$ cat input-v6.cif   # mmCIF, C-alpha atoms and all ligand atoms
data_input
loop_
_atom_site.label_atom_id
_atom_site.label_comp_id
_atom_site.auth_asym_id
_atom_site.auth_seq_id
_atom_site.Cartn_x
_atom_site.Cartn_y
_atom_site.Cartn_z
CA MET A 796 19.54 -20.87 -12.44
CA GLU A 797 16.27 -22.58 -11.51
CA GLY A 798 18.04 -24.96 -9.08
CA PRO A 799 19.59 -22.63 -6.51
CA ALA A 800 16.77 -20.11 -6.87
CA ALA A 801 14.15 -22.76 -6.16
CA ALA A 802 16.14 -24.15 -3.25
CA SER A 803 16.63 -20.78 -1.62
CA SER A 804 13.05 -19.67 -2.13
CA SER A 805 11.75 -22.82 -0.46
CA SER A 806 14.07 -22.37 2.48
CA ILE A 807 13.15 -18.70 2.71
CA PHE A 808 9.57 -19.76 2.72
CA GLY A 809 10.24 -22.29 5.46
CA ALA A 810 12.04 -19.67 7.50
CA VAL A 811 9.30 -17.13 7.06
CA VAL A 812 6.60 -19.60 8.03
CA LEU A 813 8.69 -20.57 11.02
CA GLY A 814 9.13 -16.88 11.72
CA PHE A 815 5.39 -16.32 11.61
CA LEU A 816 4.80 -19.17 13.99
CA CYS A 817 7.44 -18.10 16.51
CA LEU A 818 7.00 -14.41 16.42
CA PHE A 819 3.31 -14.21 17.14
CA VAL A 820 3.71 -16.35 20.17
CA GLY A 821 6.71 -14.35 21.37
CA PRO A 822 6.63 -10.78 22.71
CA SER A 823 6.15 -8.09 20.12
CA LEU A 824 8.35 -5.01 19.80
CA ALA A 825 5.51 -3.15 18.17
CA ALA A 826 3.51 -3.50 21.37
CA GLU A 827 5.47 -0.67 22.97
CA ASP A 828 4.03 2.74 22.25
CA PRO A 829 6.65 4.80 20.46
CA PRO A 830 7.31 8.18 22.12
CA ALA A 831 5.39 11.13 20.70
CA ASN A 832 8.40 12.54 18.84
CA ASP A 833 8.89 9.19 17.14
CA GLY A 834 6.61 10.01 14.20
CA LEU A 835 7.44 9.97 10.53
CA CYS A 836 7.72 13.78 10.39
CA ALA A 837 10.32 13.85 13.18
CA LEU A 838 12.23 10.83 11.91
CA ILE A 839 12.54 11.47 8.18
CA LEU A 840 11.04 14.72 6.96
CA GLN A 841 11.99 17.44 9.43
CA PRO A 842 15.68 16.43 9.60
CA LEU A 843 15.83 16.90 5.81
CA GLY A 844 14.34 20.38 6.09
CA TYR A 845 10.74 19.66 5.08
CA PRO A 846 7.90 21.36 7.02
CA CYS A 847 5.78 18.45 8.24
CA VAL A 848 2.77 18.21 10.57
CA GLU A 849 0.90 15.17 11.90
CA TYR A 850 -2.86 14.86 12.44
CA THR A 851 -4.92 12.16 14.12
CA VAL A 852 -8.05 11.00 12.34
CA GLU A 853 -10.67 8.75 13.94
CA THR A 854 -12.47 6.21 11.77
CA LYS A 855 -16.16 5.30 12.23
CA ASP A 856 -15.07 2.02 13.82
CA GLY A 857 -12.76 3.74 16.31
CA TYR A 858 -9.26 3.41 14.85
CA LEU A 859 -6.92 6.37 15.32
CA LEU A 860 -4.94 7.00 12.16
CA THR A 861 -2.06 9.38 11.59
CA LEU A 862 -1.86 11.63 8.57
CA GLN A 863 1.36 13.46 7.77
CA ARG A 864 1.20 16.68 5.84
CA VAL A 865 4.16 18.19 4.01
CA LEU A 866 3.05 21.73 3.27
CA HIS A 867 5.70 22.46 0.70
CA GLY A 868 9.26 21.59 -0.24
CA LYS A 869 12.49 22.93 1.19
CA VAL A 870 12.19 25.88 -1.16
CA ALA A 871 8.55 26.90 -1.39
CA SER A 872 7.90 26.31 -5.10
CA ARG A 873 4.50 27.55 -6.21
CA GLU A 874 4.55 25.51 -9.38
CA TYR A 875 1.57 23.40 -8.38
CA HIS A 876 -0.01 26.06 -6.15
CA GLY A 877 -0.47 23.89 -3.10
CA LEU A 878 -2.82 21.39 -4.76
CA PRO A 879 -3.66 18.72 -2.18
CA VAL A 880 -2.38 15.29 -3.13
CA PHE A 881 -3.00 12.21 -0.98
CA LEU A 882 -0.55 9.28 -0.97
CA GLN A 883 -1.75 5.80 0.00
CA HIS A 884 0.87 3.10 0.63
CA GLY A 885 0.61 -0.65 0.00
CA LEU A 886 0.50 -3.86 2.06
CA PHE A 887 3.16 -4.25 4.80
CA GLN A 888 4.14 -0.66 4.07
CA GLY A 889 3.45 2.69 5.72
CA GLY A 890 3.56 6.37 4.78
CA ASP A 891 7.38 6.23 5.02
CA THR A 892 7.34 4.30 1.76
CA TRP A 893 7.09 7.56 -0.23
CA PHE A 894 10.23 9.02 1.39
CA LEU A 895 12.73 6.16 1.56
CA ASN A 896 15.07 7.16 -1.27
CA SER A 897 16.85 10.49 -1.66
CA VAL A 898 14.88 13.73 -1.89
CA GLU A 899 15.54 13.82 -5.63
CA GLU A 900 14.25 10.28 -6.13
CA SER A 901 11.28 9.75 -3.78
CA LEU A 902 7.78 10.64 -4.94
CA GLY A 903 6.77 12.30 -1.65
CA PHE A 904 9.73 14.70 -1.74
CA VAL A 905 9.38 15.31 -5.47
CA LEU A 906 5.73 16.32 -5.04
CA ALA A 907 6.51 18.61 -2.09
CA ASP A 908 9.36 20.27 -3.98
CA LEU A 909 7.01 20.95 -6.90
CA GLY A 910 4.67 22.82 -4.55
CA PHE A 911 1.97 20.20 -3.92
CA ASP A 912 0.34 20.10 -0.48
CA VAL A 913 1.30 16.49 0.28
CA TRP A 914 -0.88 14.37 2.60
CA VAL A 915 0.30 10.93 3.60
CA GLY A 916 -2.14 8.18 4.60
CA ASN A 917 -1.32 5.39 7.07
CA VAL A 918 -3.77 2.50 7.47
CA ARG A 919 -4.70 0.85 10.76
CA GLY A 920 -2.14 -1.53 12.23
CA THR A 921 0.91 0.20 10.74
CA ARG A 922 3.61 1.68 12.96
CA TRP A 923 2.17 5.17 12.46
CA SER A 924 -1.51 4.25 13.00
CA HIS A 925 -1.79 1.74 15.81
CA GLY A 926 -4.31 3.44 18.08
CA HIS A 927 -7.98 2.73 18.76
CA ILE A 928 -10.46 4.41 21.10
CA THR A 929 -11.17 1.22 23.08
CA LEU A 930 -9.07 -1.66 21.70
CA SER A 931 -5.37 -2.35 22.07
CA GLU A 932 -3.28 -4.12 19.48
CA HIS A 933 -3.11 -7.08 21.86
CA ASP A 934 -6.83 -7.67 21.30
CA HIS A 935 -7.88 -10.02 18.52
CA ALA A 936 -10.65 -7.57 17.66
CA PHE A 937 -8.04 -4.93 16.82
CA TRP A 938 -6.94 -7.11 13.88
CA ASP A 939 -10.43 -8.06 12.70
CA TRP A 940 -10.38 -6.31 9.31
CA SER A 941 -9.28 -6.66 5.70
CA TRP A 942 -8.69 -4.23 2.83
CA GLN A 943 -12.43 -3.68 2.40
CA ASP A 944 -12.44 -2.03 5.84
CA LEU A 945 -9.39 0.02 4.84
CA ALA A 946 -11.43 1.20 1.84
CA MET A 947 -14.71 1.80 3.64
CA TYR A 948 -13.43 3.22 6.95
CA ASP A 949 -9.78 4.30 6.77
CA LEU A 950 -9.77 5.81 3.32
CA SER A 951 -13.08 7.57 3.71
CA ALA A 952 -12.04 9.06 7.09
CA MET A 953 -8.64 10.20 5.81
CA LEU A 954 -9.97 11.69 2.57
CA LYS A 955 -12.77 13.46 4.46
CA TYR A 956 -10.17 15.01 6.73
CA VAL A 957 -8.00 16.26 3.85
CA TYR A 958 -11.03 17.45 1.87
CA ASN A 959 -12.29 19.43 4.84
CA GLU A 960 -8.92 20.88 5.86
CA THR A 961 -7.95 21.98 2.34
CA ASN A 962 -11.44 22.84 1.17
CA SER A 963 -10.55 21.19 -2.10
CA LYS A 964 -11.01 17.94 -3.99
CA VAL A 965 -8.01 15.68 -3.57
CA LEU A 966 -5.59 14.21 -6.10
CA TYR A 967 -5.12 10.55 -5.15
CA ILE A 968 -1.97 8.47 -5.62
CA GLY A 969 -1.95 4.86 -4.45
CA HIS A 970 0.38 1.90 -4.75
CA SER A 971 -0.71 -1.76 -4.70
CA GLN A 972 -3.05 -2.25 -1.71
CA GLY A 973 -3.50 1.53 -1.92
CA THR A 974 -5.07 0.94 -5.35
CA ILE A 975 -7.44 -1.87 -4.36
CA MET A 976 -8.60 0.37 -1.50
CA ALA A 977 -9.16 3.16 -4.01
CA LEU A 978 -10.96 1.07 -6.63
CA ALA A 979 -13.29 -0.31 -3.95
CA ALA A 980 -13.83 3.07 -2.26
CA PHE A 981 -14.40 4.93 -5.53
CA THR A 982 -17.48 2.76 -6.15
CA MET A 983 -18.98 4.65 -3.18
CA LYS A 984 -20.49 7.99 -4.10
CA ASP A 985 -19.66 9.89 -0.91
CA THR A 986 -15.96 8.96 -1.18
CA VAL A 987 -15.39 9.45 -4.90
CA GLU A 988 -16.99 12.89 -4.69
CA MET A 989 -13.95 14.09 -2.73
CA VAL A 990 -11.47 12.93 -5.39
CA GLU A 991 -10.38 15.08 -8.33
CA ALA A 992 -8.33 12.43 -10.15
CA ALA A 993 -6.48 9.25 -9.24
CA ALA A 994 -3.11 7.81 -10.22
CA LEU A 995 -2.73 4.10 -9.48
CA LEU A 996 0.71 2.49 -9.31
CA CYS A 997 0.58 -1.30 -9.81
CA PRO A 998 -3.24 -1.34 -9.74
CA ILE A 999 -4.88 -4.34 -8.11
CA SER A 1000 -8.48 -5.45 -8.16
CA TYR A 1001 -8.44 -8.96 -9.65
CA LEU A 1002 -5.66 -11.27 -8.49
CA ALA A 1003 -6.42 -14.37 -10.56
CA HIS A 1004 -3.16 -14.24 -12.57
CA ILE A 1005 -0.72 -13.45 -9.81
CA SER A 1006 2.60 -15.15 -10.66
CA SER A 1007 4.59 -14.61 -7.45
CA LYS A 1008 6.05 -18.02 -6.55
CA PHE A 1009 6.24 -17.13 -2.91
CA VAL A 1010 2.61 -16.04 -2.73
CA LEU A 1011 1.33 -18.96 -4.80
CA ARG A 1012 3.11 -21.39 -2.48
CA ALA A 1013 1.65 -19.65 0.57
CA VAL A 1014 -1.80 -19.89 -1.05
CA SER A 1015 -1.46 -23.59 -1.84
CA MET A 1016 -0.13 -24.32 1.66
CA HIS A 1017 -3.13 -22.45 3.13
CA LEU A 1018 -0.86 -20.26 5.21
CA ASP A 1019 -3.80 -17.91 5.82
CA GLN A 1020 -6.10 -20.56 7.28
CA MET A 1021 -3.20 -22.09 9.18
CA LEU A 1022 -2.44 -18.80 10.94
CA LEU A 1023 -6.10 -18.13 11.70
CA SER A 1024 -6.61 -21.60 13.13
CA LEU A 1025 -3.57 -21.01 15.36
CA GLY A 1026 -5.22 -17.84 16.65
CA ILE A 1027 -2.61 -15.60 15.02
CA HIS A 1028 -4.44 -12.44 13.99
CA GLN A 1029 -1.61 -9.97 13.60
CA LEU A 1030 0.94 -10.35 10.81
CA ASN A 1031 4.03 -8.70 12.22
CA PHE A 1032 7.56 -9.26 10.94
CA ARG A 1033 8.91 -6.67 13.34
CA SER A 1034 8.99 -8.60 16.57
CA ASN A 1035 12.27 -9.66 18.18
CA ILE A 1036 12.29 -12.92 16.32
CA GLY A 1037 10.90 -11.46 13.12
CA VAL A 1038 13.70 -8.90 12.95
CA GLU A 1039 16.29 -11.60 13.57
CA ILE A 1040 14.86 -13.74 10.82
CA LEU A 1041 14.74 -10.90 8.33
CA ASP A 1042 18.27 -9.85 9.29
CA SER A 1043 19.63 -13.33 8.91
CA LEU A 1044 17.83 -13.75 5.59
CA CYS A 1045 19.35 -10.52 4.35
CA ASP A 1046 22.90 -10.93 5.69
CA GLY A 1047 23.17 -14.66 5.47
CA PHE A 1048 22.45 -17.25 2.84
CA VAL A 1049 20.23 -15.11 0.67
CA ASP A 1050 20.07 -11.38 0.06
CA CYS A 1051 16.92 -9.34 0.44
CA GLY A 1052 16.86 -8.65 -3.26
CA ASN A 1053 16.04 -12.34 -3.76
CA LEU A 1054 13.44 -12.54 -1.01
CA LEU A 1055 11.80 -9.47 -2.44
CA ARG A 1056 12.03 -10.93 -5.93
CA SER A 1057 10.33 -14.18 -4.99
CA ILE A 1058 7.49 -12.14 -3.49
CA THR A 1059 7.11 -9.22 -5.89
CA GLY A 1060 8.80 -10.23 -9.14
CA ASP A 1061 12.01 -8.95 -10.74
CA ASN A 1062 12.58 -5.34 -9.78
CA CYS A 1063 14.87 -3.84 -12.41
CA CYS A 1064 16.15 -1.05 -10.21
CA PHE A 1065 16.15 -2.08 -6.58
CA ASN A 1066 19.09 -0.47 -4.73
CA ALA A 1067 20.34 -3.37 -2.60
CA SER A 1068 22.75 -1.12 -0.67
CA ARG A 1069 19.74 0.67 0.86
CA VAL A 1070 18.14 -2.47 2.32
CA ASP A 1071 19.31 -1.77 5.89
CA TYR A 1072 17.73 1.65 5.73
CA TYR A 1073 14.46 0.33 4.28
CA LEU A 1074 14.32 -2.28 7.03
CA GLN A 1075 14.41 0.45 9.69
CA TYR A 1076 10.88 1.32 8.56
CA GLU A 1077 9.42 -1.64 6.73
CA PRO A 1078 7.72 -4.07 6.79
CA HIS A 1079 4.76 -2.80 8.81
CA PRO A 1080 2.19 -5.10 10.41
CA SER A 1081 -1.07 -6.08 8.78
CA SER A 1082 -3.84 -8.51 9.74
CA THR A 1083 -4.12 -12.21 8.98
CA LYS A 1084 -7.73 -11.59 7.94
CA ASN A 1085 -6.43 -9.22 5.27
CA LEU A 1086 -4.06 -11.90 3.98
CA HIS A 1087 -6.94 -14.38 4.00
CA HIS A 1088 -9.15 -12.00 2.01
CA LEU A 1089 -6.42 -11.49 -0.61
CA PHE A 1090 -5.85 -15.25 -0.81
CA GLN A 1091 -9.60 -15.79 -1.29
CA MET A 1092 -9.40 -13.48 -4.30
CA ILE A 1093 -6.44 -15.39 -5.71
CA ARG A 1094 -8.27 -18.70 -5.24
CA LYS A 1095 -11.61 -17.49 -6.63
CA GLY A 1096 -10.59 -14.82 -9.13
CA THR A 1097 -13.10 -12.35 -7.71
CA PHE A 1098 -12.99 -8.69 -6.68
CA ALA A 1099 -15.47 -9.11 -3.86
CA LYS A 1100 -15.96 -8.56 -0.16
CA TYR A 1101 -14.55 -10.92 2.47
CA ASP A 1102 -16.05 -14.40 2.32
CA TYR A 1103 -17.26 -15.52 5.78
CA GLY A 1104 -18.74 -18.78 4.48
CA TRP A 1105 -22.48 -19.30 3.91
CA TRP A 1106 -23.71 -18.62 7.43
CA GLY A 1107 -21.35 -15.76 8.01
CA ASN A 1108 -22.25 -14.23 4.66
CA LEU A 1109 -25.95 -14.43 5.50
CA LYS A 1110 -25.23 -12.63 8.76
CA HIS A 1111 -22.96 -9.96 7.28
CA TYR A 1112 -24.41 -9.48 3.79
CA HIS A 1113 -27.86 -11.17 3.94
CA ARG A 1114 -26.85 -13.44 1.06
CA LEU A 1115 -24.86 -16.63 0.63
CA SER A 1116 -21.90 -15.22 -1.29
CA PRO A 1117 -20.03 -11.99 -0.63
CA PRO A 1118 -21.07 -9.09 -2.87
CA ALA A 1119 -18.64 -8.17 -5.64
CA PHE A 1120 -17.33 -4.66 -6.20
CA ASP A 1121 -18.51 -3.39 -9.57
CA LEU A 1122 -15.82 -1.31 -11.27
CA ALA A 1123 -18.53 0.16 -13.52
CA ASP A 1124 -19.82 1.99 -10.41
CA ILE A 1125 -16.76 4.26 -10.57
CA PRO A 1126 -17.95 7.42 -12.34
CA GLU A 1127 -16.76 7.84 -15.90
CA SER A 1128 -15.96 11.45 -15.07
CA LEU A 1129 -13.15 10.51 -12.65
CA PRO A 1130 -9.82 10.89 -14.49
CA LEU A 1131 -7.66 7.79 -13.92
CA TRP A 1132 -4.01 7.04 -14.65
CA MET A 1133 -2.34 3.66 -14.21
CA GLY A 1134 1.34 2.78 -14.12
CA TYR A 1135 2.24 -0.92 -14.32
CA GLY A 1136 5.19 -3.14 -15.09
CA GLY A 1137 5.95 -6.19 -17.20
CA ASN A 1138 7.88 -7.85 -14.35
CA ASP A 1139 5.27 -7.32 -11.65
CA ALA A 1140 4.45 -10.72 -10.13
CA LEU A 1141 1.53 -9.29 -8.10
CA ALA A 1142 -0.24 -6.80 -10.38
CA ASP A 1143 -0.37 -8.99 -13.50
CA VAL A 1144 -1.03 -7.47 -16.91
CA THR A 1145 -3.93 -9.88 -17.63
CA ASP A 1146 -5.65 -8.88 -14.40
CA ILE A 1147 -5.02 -5.19 -15.10
CA ASN A 1148 -6.53 -5.61 -18.58
CA ARG A 1149 -9.66 -6.99 -16.99
CA THR A 1150 -9.79 -4.05 -14.57
CA ILE A 1151 -9.42 -1.60 -17.45
CA ASN A 1152 -12.15 -3.35 -19.47
CA GLU A 1153 -14.64 -3.20 -16.60
CA LEU A 1154 -14.11 0.51 -15.94
CA ARG A 1155 -16.39 2.99 -17.68
CA SER A 1156 -13.59 5.44 -18.29
CA LYS A 1157 -10.45 4.92 -20.32
CA PRO A 1158 -7.52 5.39 -17.93
CA GLN A 1159 -4.27 6.88 -19.17
CA LEU A 1160 -1.70 4.08 -19.11
CA LEU A 1161 2.02 3.94 -18.54
CA PHE A 1162 3.48 0.47 -19.10
CA ILE A 1163 7.14 -0.17 -18.31
CA ASN A 1164 8.21 -3.61 -19.38
CA SER A 1165 11.29 -3.83 -17.14
CA TYR A 1166 9.56 -2.65 -13.95
CA GLY A 1167 8.53 -4.89 -11.05
CA HIS A 1168 6.15 -4.17 -8.18
CA ILE A 1169 8.58 -2.23 -6.00
CA ASP A 1170 10.28 -0.25 -8.76
CA PHE A 1171 7.33 2.13 -8.97
CA ILE A 1172 8.16 3.30 -5.44
CA LEU A 1173 11.84 2.61 -4.91
CA SER A 1174 13.56 2.71 -8.28
CA PRO A 1175 16.15 5.53 -8.25
CA ASN A 1176 15.04 6.23 -11.86
CA ALA A 1177 11.29 6.33 -11.13
CA LYS A 1178 11.29 10.12 -11.28
CA ASP A 1179 12.21 10.01 -14.96
CA ASP A 1180 10.48 6.74 -15.81
CA VAL A 1181 7.18 7.29 -13.98
CA TYR A 1182 6.69 10.44 -11.92
CA GLY A 1183 7.05 12.90 -14.81
CA ASP A 1184 4.16 11.26 -16.64
CA LEU A 1185 2.15 10.95 -13.43
CA MET A 1186 2.66 14.66 -12.66
CA ARG A 1187 1.58 15.70 -16.15
CA PHE A 1188 -1.61 13.69 -15.59
CA LEU A 1189 -2.28 15.33 -12.21
CA GLY A 1190 -1.57 18.76 -13.69
CA SER A 1191 -3.86 18.23 -16.67
CA ALA A 1192 -6.63 16.90 -14.42
CA LYS A 1193 -6.45 20.22 -12.57
CA GLY A 1194 -6.40 22.18 -15.81
CA PHE A 1195 -2.68 22.98 -15.84
CA SER A 1196 -2.33 22.53 -19.57
CA SER A 1197 1.41 23.19 -19.59
CA TYR A 1198 2.20 19.93 -17.79
C1 LIG A 1201 -13.16 20.99 9.16
O1 LIG A 1201 -12.11 21.96 9.11
C2 LIG A 1201 -12.29 23.03 10.00
C3 LIG A 1201 -11.21 24.07 9.70
O2 LIG A 1201 -9.94 23.52 9.76
C4 LIG A 1201 -12.24 22.51 11.42
O3 LIG A 1201 -12.44 23.57 12.34
C5 LIG A 1201 -13.36 21.47 11.59
O4 LIG A 1201 -13.28 20.88 12.87
C6 LIG A 1201 -13.23 20.38 10.53
N1 LIG A 1201 -14.36 19.45 10.61
C7 LIG A 1201 -14.21 18.16 10.51
C8 LIG A 1201 -15.46 17.35 10.57
O5 LIG A 1201 -13.12 17.62 10.39
C1 LIG A 1202 21.92 3.35 -3.47
O1 LIG A 1202 22.01 3.41 -2.07
C2 LIG A 1202 23.23 3.91 -1.56
C3 LIG A 1202 23.21 3.76 -0.06
O2 LIG A 1202 22.19 4.53 0.51
C4 LIG A 1202 23.41 5.36 -2.04
O3 LIG A 1202 24.66 5.86 -1.57
C5 LIG A 1202 23.34 5.42 -3.54
O4 LIG A 1202 23.37 6.77 -3.97
C6 LIG A 1202 22.07 4.76 -4.04
N1 LIG A 1202 22.08 4.71 -5.50
C7 LIG A 1202 21.19 5.37 -6.24
C8 LIG A 1202 21.34 5.20 -7.72
O5 LIG A 1202 20.32 6.07 -5.77
C1 LIG A 1203 -3.70 -6.39 -22.42
O1 LIG A 1203 -4.42 -5.53 -23.29
C2 LIG A 1203 -3.63 -4.96 -24.32
C3 LIG A 1203 -4.49 -3.94 -25.06
O2 LIG A 1203 -5.78 -4.43 -25.28
C4 LIG A 1203 -3.12 -6.07 -25.25
O3 LIG A 1203 -2.30 -5.53 -26.26
C5 LIG A 1203 -2.32 -7.07 -24.40
O4 LIG A 1203 -1.92 -8.16 -25.21
C6 LIG A 1203 -3.12 -7.56 -23.22
N1 LIG A 1203 -2.21 -8.35 -22.38
C7 LIG A 1203 -2.59 -9.45 -21.76
C8 LIG A 1203 -1.53 -10.19 -21.03
O5 LIG A 1203 -3.75 -9.85 -21.78
#

$ encode --input "input-v6.cif" --output "structure tokens"
Amino acid sequence: MEGPAAASSSSIFGAVVLGFLCLFVGPSLAAEDPPANDGLCALILQPLGYPCVEYTVETKDGYLLTLQRVLHGKVASREYHGLPVFLQHGLFQGGDTWFLNSVEESLGFVLADLGFDVWVGNVRGTRWSHGHITLSEHDHAFWDWSWQDLAMYDLSAMLKYVYNETNSKVLYIGHSQGTIMALAAFTMKDTVEMVEAAALLCPISYLAHISSKFVLRAVSMHLDQMLLSLGIHQLNFRSNIGVEILDSLCDGFVDCGNLLRSITGDNCCFNASRVDYYLQYEPHPSSTKNLHHLFQMIRKGTFAKYDYGWWGNLKHYHRLSPPAFDLADIPESLPLWMGYGGNDALADVTDINRTINELRSKPQLLFINSYGHIDFILSPNAKDDVYGDLMRFLGSAKGFSSY
């Protein structure tokens, strides 16, 4: 079992590295502005009968982000009385991630059908949020950010918008990078004040015990520094060549289930017959600087800001090393829930234990031994395995004792 798996993962890795190298030099599909009716609402939600509106939110550093809002389900259930809930996707994903399975299975639809007022975040650089007031995505400066900027600028701008529009504190649900953004942002008083309670799927803050073979190999090969030194600032699998490579990986000598597995761990419940559909929307672009920041954390075992090196740190932070985020700065009064899996190669149980120990509050925990990183979003059984528990937590945080 080890033999063929190891062989295919090293050739996948070779192909992906090759893909990276070719595709950033070649023309990018994502460079074309999609037409206005090409948003997530028009593509997925409205055709299925869900009332969906899009808003543009400007961050303090000039990025133009799209928020989708699903006001209620197909039948307007009042069960949850229009409580605003905000969904924040993970790395290489976009707001579509919450709507990619059937309406009975996907968290976004499930929430809308229960009567939540569902708001969907999309970070800078994704297909749905690729605007900026002065920069274009062809500029290096457009890609000069990592997850700490997503926490400090994107998340705070999006939550402020929802908080103001709904006149209500927001229930937060994040997955993966959407949890590291939250844990960093919730250490900031003006952001956490807008949040009623937070549910974190595959929570990430420390990355010291990551076990993903694919990621560990990329870290040891210094893929991040290699890309930066080649002047490649955008990580985009969806260029002409990137799509071809992903297609050939999926149709050819290895299936996408395996590629996904070598990156994220064993997903118990991945529906391989939906891969073509998933690939219509994902992966989304991110920045090489973001990858570099995450790799720094894997190498150093820290939950800290981006490391610019001594001189850069002096300039940016007025100290030699980047400041760490202190999880104890998250108020004890913020109700937290965490769902995590025994087969998750990215959000490792040892790292999650450390996160839990450093928090002031005691989060409610849901551990599912058979679940991997992607199951929490895409498992057809997640509604029964995860979302019921999550919903009871959200309900109880809002004082709905019956849930
Ligand atoms: C807050 O919401 C109100 C009502 O929707 C809107 O008129 C106003 O422009 C919003 N303010 C900000 C800062 O978003
Ligand atoms: C898996 O995906 C296929 C293709 O979209 C779909 O027909 C099937 O219902 C899915 N299975 C589950 C259990 O959701
Ligand atoms: C994580 O913490 C729980 C509860 O303290 C403990 O039972 C478990 O063994 C820990 N797991 C790891 C991998 O450290």

$ residues_near_ligand --input "input-v6.cif" --ligand "ligand LIG 1201 (chain A)" --cutoff "7 Å" --atoms "only C-alpha atoms and all ligand atoms" --output "list of chain:residue names"
A:Tyr956, A:Asn959, A:Glu960

$ write_last_selection --input "input-v6.cif" --atoms "C-alpha atoms" --output "tab-separated table (two decimals), keeping the file's coordinate frame"
chain	number	residue	atom	x	y	z
A	956	TYR	CA	-10.17	15.01	6.73
A	959	ASN	CA	-12.29	19.43	4.84
A	960	GLU	CA	-8.92	20.88	5.86

$ closest_atom_pairs --input "input-v6.cif" --of "chain A" --to "ligand LIG 1203 (chain A)" --cutoff "12 Å" --atoms "all atoms listed in the file" --output "CSV"
residue,atom,partner,partner_atom,distance
A:His1004,CA,A:LIG1203,C8,9.5
A:Ile1005,CA,A:LIG1203,C8,11.7
A:Tyr1135,CA,A:LIG1203,C1,11.4
A:Gly1136,CA,A:LIG1203,C8,11.4
A:Gly1137,CA,A:LIG1203,C8,9.3
A:Asn1138,CA,A:LIG1203,C8,11.8
A:Asp1139,CA,A:LIG1203,C8,11.9
A:Ala1142,CA,A:LIG1203,C8,11.3
A:Asp1143,CA,A:LIG1203,C8,7.7
A:Val1144,CA,A:LIG1203,C8,5.0
A:Thr1145,CA,A:LIG1203,O5,4.2
A:Asp1146,CA,A:LIG1203,O5,7.7
A:Ile1147,CA,A:LIG1203,C1,7.5
A:Asn1148,CA,A:LIG1203,C1,4.8
A:Arg1149,CA,A:LIG1203,C1,8.1
A:Thr1150,CA,A:LIG1203,C1,10.2
A:Ile1151,CA,A:LIG1203,O1,8.6
A:Asn1152,CA,A:LIG1203,O2,8.7
A:Lys1157,CA,A:LIG1203,O2,11.6
A:Leu1160,CA,A:LIG1203,C3,10.4
A:Phe1162,CA,A:LIG1203,C2,10.4
A:Asn1164,CA,A:LIG1203,N1,11.8

$ closest_residue --input "input-v6.cif" --among "A:Thr851, A:Asn1066, A:Gln1020, A:Ser1081" --to "ligand LIG 1202 (chain A)" --atoms "only C-alpha atoms and all ligand atoms"
A:Asn1066

$ residues_around --input "input-v6.cif" --residues "A:Asn962" --least-positions-apart "3" --cutoff "12 Å" --atoms "all atoms listed in the file" --output "count of residues only"
12

$ residues_near_ligand --input "input-v6.cif" --ligand "ligand LIG 1202 (chain A)" --cutoff "10 Å" --atoms "all atoms listed in the file" --output "number ranges by chain"
A: 895-897, 899-901, 1064-1073, 1173-1176

$ atom_distance --input "input-v6.cif" --atom1 "atom CA of A:Tyr875" --atom2 "atom CA of A:Ser963"
13.8 Å

$ atom_distance --input "input-v6.cif" --atom1 "atom CA of A:Phe1009" --atom2 "atom CA of A:Glu1077"
18.5 Å

$ atom_distance --input "input-v6.cif" --atom1 "atom CA of A:Pro1130" --atom2 "atom CA of A:Val852"
26.9 Å

$ closest_residue --input "input-v6.cif" --among "A:Met947, A:Met1133, A:Leu886, A:Leu1189" --to "A:Asn917" --atoms "only C-alpha atoms"
A:Leu886

$ closest_residue --input "input-v6.cif" --among "A:Ala907, A:Leu1074, A:Ala1123, A:Ile1169" --to "A:Arg1155" --atoms "all atoms listed in the file"
A:Ala1123

$ residues_around --input "input-v6.cif" --residues "stretch 1103-1116 of chain A" --least-positions-apart "2" --cutoff "12 Å" --atoms "only C-alpha atoms" --output "PyMOL selection string"
chain A and resi 941+1084+1087-1088+1091+1095+1097+1099-1101+1118-1119

$ residues_around --input "input-v6.cif" --residues "A:His970" --least-positions-apart "3" --cutoff "8 Å" --atoms "only C-alpha atoms" --output "ChimeraX atom specification"
/A:883-885,973-974,995-998,1172

$ residues_around --input "input-v6.cif" --residues "stretch 1021-1029 of chain A" --least-positions-apart "6" --cutoff "7 Å" --atoms "all atoms listed in the file" --output "VMD selection string"
chain A and resid 819 935 938 1080 to 1084
